[in-house]
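A.B. asks: Quick one: the structure is below, questions incoming.
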Protein chains: 2
Amino acid sequence: MKIDILFYPEKLKNAEDKAVVVLDVLRATTTIATALAAGAEKIYPVSSIKDAFSLKKKISGALLGGERGGIKVPGFDLGNSPLEYQGLKGRTIILSSTNGTKTLKKAVSAKTLIAGSIVNAKAVADYLLKLNLDVVFMPSGTDSQFSLEDFAGAGYIISLLAEEKKVELSDQAYVSFELARINPPEEILTRSFHGQRLINLGFARDVEYCAKLNLLDVVPVGRLQEGRLVIESSRLFR
Amino acid sequence: MKIDILFYPEKLKNAEDKAVVVLDVLRATTTIATALAAGAEKIYPVSSIKDAFSLKKKISGALLGGERGGIKVPGFDLGNSPLEYQGLKGRTIILSSTNGTKTLKKAVSAKTLIAGSIVNAKAVADYLLKLNLDVVFMPSGTDSQFSLEDFAGAGYIISLLAEEKKVELSDQAYVSFELARINPPEEILTRSFHGQRLINLGFARDVEYCAKLNLLDVVPVGRLQEGRLVIESSRLFR
């Protein structure tokens, strides 16, 4: 199993036969995992706020979630805090965040597209072991900058893979593995540029939650449905 | 002292008031440090082989050094192996390598431009402490790909800075610092993609040499002289 990681959410190449794990640990992919674990049936990541409102008109009962600059969008039902995503049995969520949803859409060429985070690292690793494909981790970055928390999040998943299977790490994947091997998630998320920004915005509890390893047994898997990206729990495909 | 590092030899921005440390640990910047320690007076990094031959005609007694694809260029006096660069008192070297010399030329906008490597990590760190400027580390990469050995090399220099001074690390610089904190240079250079390539080309002794921490007390400093980049030992500026 060959494992690679990108430093930035750059253009994804030759992913047609690979599993691609998109991470936006703070907070979009953590929120997606949490929403599915709370019973949500489908999540539609959309890039713009306009698209979100327009899609809501077509899907009866859908909830709008997301943020701009870390803050809930006016008129939306939910922000981007995973702690808000509870009791969602059967609900559909339309989610628009600054970085994560955009990166997910960049990864649709993958054979299997997974939304990864620290809270579901073990579930994602187990799913990747079953798939047995080469893997590319794709961090969302913060406004196209390097994202320490996503890089480390990938490292935790790689550590779990390496415990079970012979993995062939690219030089970049080796760095993320080494980083995660010696540093606890909460320390990394708290020191990260984006973590500090969220703490300053009053979201310290979110940062703490997003650093909890292996809390949720859910694997969000994305696929195109009539040209639109939809994310559902992998339980449907197991 | 703020410290940042680039992942790739990308365009350098806002470096006019900073020290920029260019690294091509395998092997150009190690070779430059070794040549200066062996008495060479000036090193002219040039991008193309044509430029190298043309400059040699203007500088009486200059030696041509460098490689393409790891191998010595036909007609050159020396390759890019640091082990060849001995007994060079007063000599001028014209050096052209695949990645390192090109990256050095990209960094000429720096307030102070330094060629860093593992063999002179301590000397470079001491010099940076004296300069007391913010620092950007710039890896040369291998054909614009991520270079693990340059990233780790920067981490060793950062570790030495952090021992002496309060440093403010960007998220990227933190990752290189953490990587270097727990892994010995020889292990990293040997496992790196470029290290493996050199070993396969028969340069295992070069890889071993380039991983020797703090062997040389020399700091190669670059400046523009009549529009041309020249590298000399910092002893001249101390």
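Each chain of the structure tokens is named A, B, ... in the order shown, its residues numbered from 1; ligands are numbered from 1 in display order.
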Counting only C-alpha atoms, give me one row per residue of chain B with an atom at most 12 Å from an atom of chain A, showing the shortest contact pair and its distance in Å to one decimal, sorted by chain then residue number, as CSV.

C.D. replies:
residue,atom,partner,partner_atom,distance
B:Asp4,CA,A:Phe146,CA,11.8
B:Ile5,CA,A:Phe146,CA,11.0
B:Leu6,CA,A:Phe146,CA,9.9
B:Phe7,CA,A:Phe7,CA,7.9
B:Tyr8,CA,A:Phe7,CA,9.9
B:Gly141,CA,A:Asp171,CA,11.6
B:Thr142,CA,A:Asp171,CA,11.8
B:Gln145,CA,A:Gln172,CA,10.0
B:Phe146,CA,A:Gln172,CA,7.2
B:Ser147,CA,A:Asp171,CA,7.7
B:Leu148,CA,A:Asp171,CA,5.9
B:Glu149,CA,A:Asp171,CA,9.3
B:Asp150,CA,A:Asp171,CA,11.4
B:Phe151,CA,A:Val175,CA,9.5
B:Ala152,CA,A:Val175,CA,9.4
B:Gly155,CA,A:Val175,CA,11.8
B:Glu168,CA,A:Arg191,CA,11.4
B:Leu169,CA,A:Arg191,CA,10.3
B:Ser170,CA,A:Phe193,CA,8.0
B:Asp171,CA,A:Leu148,CA,5.9
B:Gln172,CA,A:Phe146,CA,7.2
B:Ala173,CA,A:Leu148,CA,10.3
B:Tyr174,CA,A:Leu148,CA,9.0
B:Val175,CA,A:Leu179,CA,6.8
B:Ser176,CA,A:Val175,CA,8.3
B:Phe177,CA,A:Leu179,CA,9.8
B:Glu178,CA,A:Leu179,CA,6.6
B:Leu179,CA,A:Leu179,CA,6.5
B:Ala180,CA,A:Glu178,CA,9.9
B:Arg181,CA,A:Ile182,CA,10.2
B:Ile182,CA,A:Glu178,CA,8.6
B:Asn183,CA,A:Glu178,CA,8.9
B:Ile188,CA,A:Asp171,CA,9.4
B:Leu189,CA,A:Asp171,CA,10.6
B:Thr190,CA,A:Asp171,CA,11.4
B:Arg191,CA,A:Asp171,CA,8.3
B:Ser192,CA,A:Asp171,CA,6.2
B:Phe193,CA,A:Asp171,CA,6.8
B:His194,CA,A:Asp171,CA,9.7
B:Gly195,CA,A:Asp171,CA,11.0
B:Gln196,CA,A:Asp171,CA,11.4

A.B. asks: Among region 84-171 of chain A, which ones does DSSP assign to strand (DSSP E or B) (computed from the backbone)? Answer as a PyMOL selection string.

C.D. replies: chain A and resi 92-96+112-116+135-139+142+145+168-169

A.B. asks: Can you tell me how far CA of Leu224 (chain B) sits from CA of Ser97 (chain B), in Å to one decimal?

C.D. replies: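 Going from CA of Leu224 (chain B) over to CA of Ser97 (chain B) covers 18.9 Å.
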
A.B. asks: Pick from A:Ile71, A:Val218, A:Ile3, A:Ala125: nearest to Arg197 (chain A), with only C-alpha atoms counted?

C.D. replies: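 That would be A:Ile71, the residue with the smallest distance to Arg197 (chain A).
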
A.B. asks: Which residues are near Thr34 (chain A)? Cut-off 7 Å, only C-alpha atoms, ignore same chain within fewer than 3 positions. Put them as a list in words.

C.D. replies: Thr30, Thr31, Ala37, Ala38, Pro82 and Tyr85 of chain A

A.B. asks: May I have the residues within 12 Å of Ile59 (chain A) as a list in words, using only C-alpha atoms and disregarding those fewer than 5 positions away in the same chain?

C.D. replies: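 In the requested format, the answer is Lys42, Ile43, Tyr44, Ala52, Phe53, Ser54, Leu64, Arg91, Thr92, Ile93 and Ile94 of chain A.
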
A.B. asks: Could you tell me, as a PyMOL selection string, which residues of region 85-227 of chain B DSSP assigns to alpha helix (DSSP H) when given the backbone?

C.D. replies: chain B and resi 100-106+121-131+148-164+171-182+185-191+193-200+204-210

A.B. asks: Just the residues within 8 Å of Val25 (chain A), please, counting only C-alpha atoms, with nothing from its chain fewer than 2 positions along; format it as a list of chain:residue names.

C.D. replies: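 Selected residues are A:Leu23, A:Arg27, A:Ala28, A:Thr29, A:Thr30, A:Gly116, A:Ser117, A:Ile118, A:Glu149, A:Asp150, A:Gly153, A:Cys210.
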
A.B. asks: Show which residues sit within 9 Å of Gly87 (chain B), as a ChimeraX atom specification. Count only C-alpha atoms, and ignore same-chain residues fewer than 3 positions away.

C.D. replies: /B:35,38-40
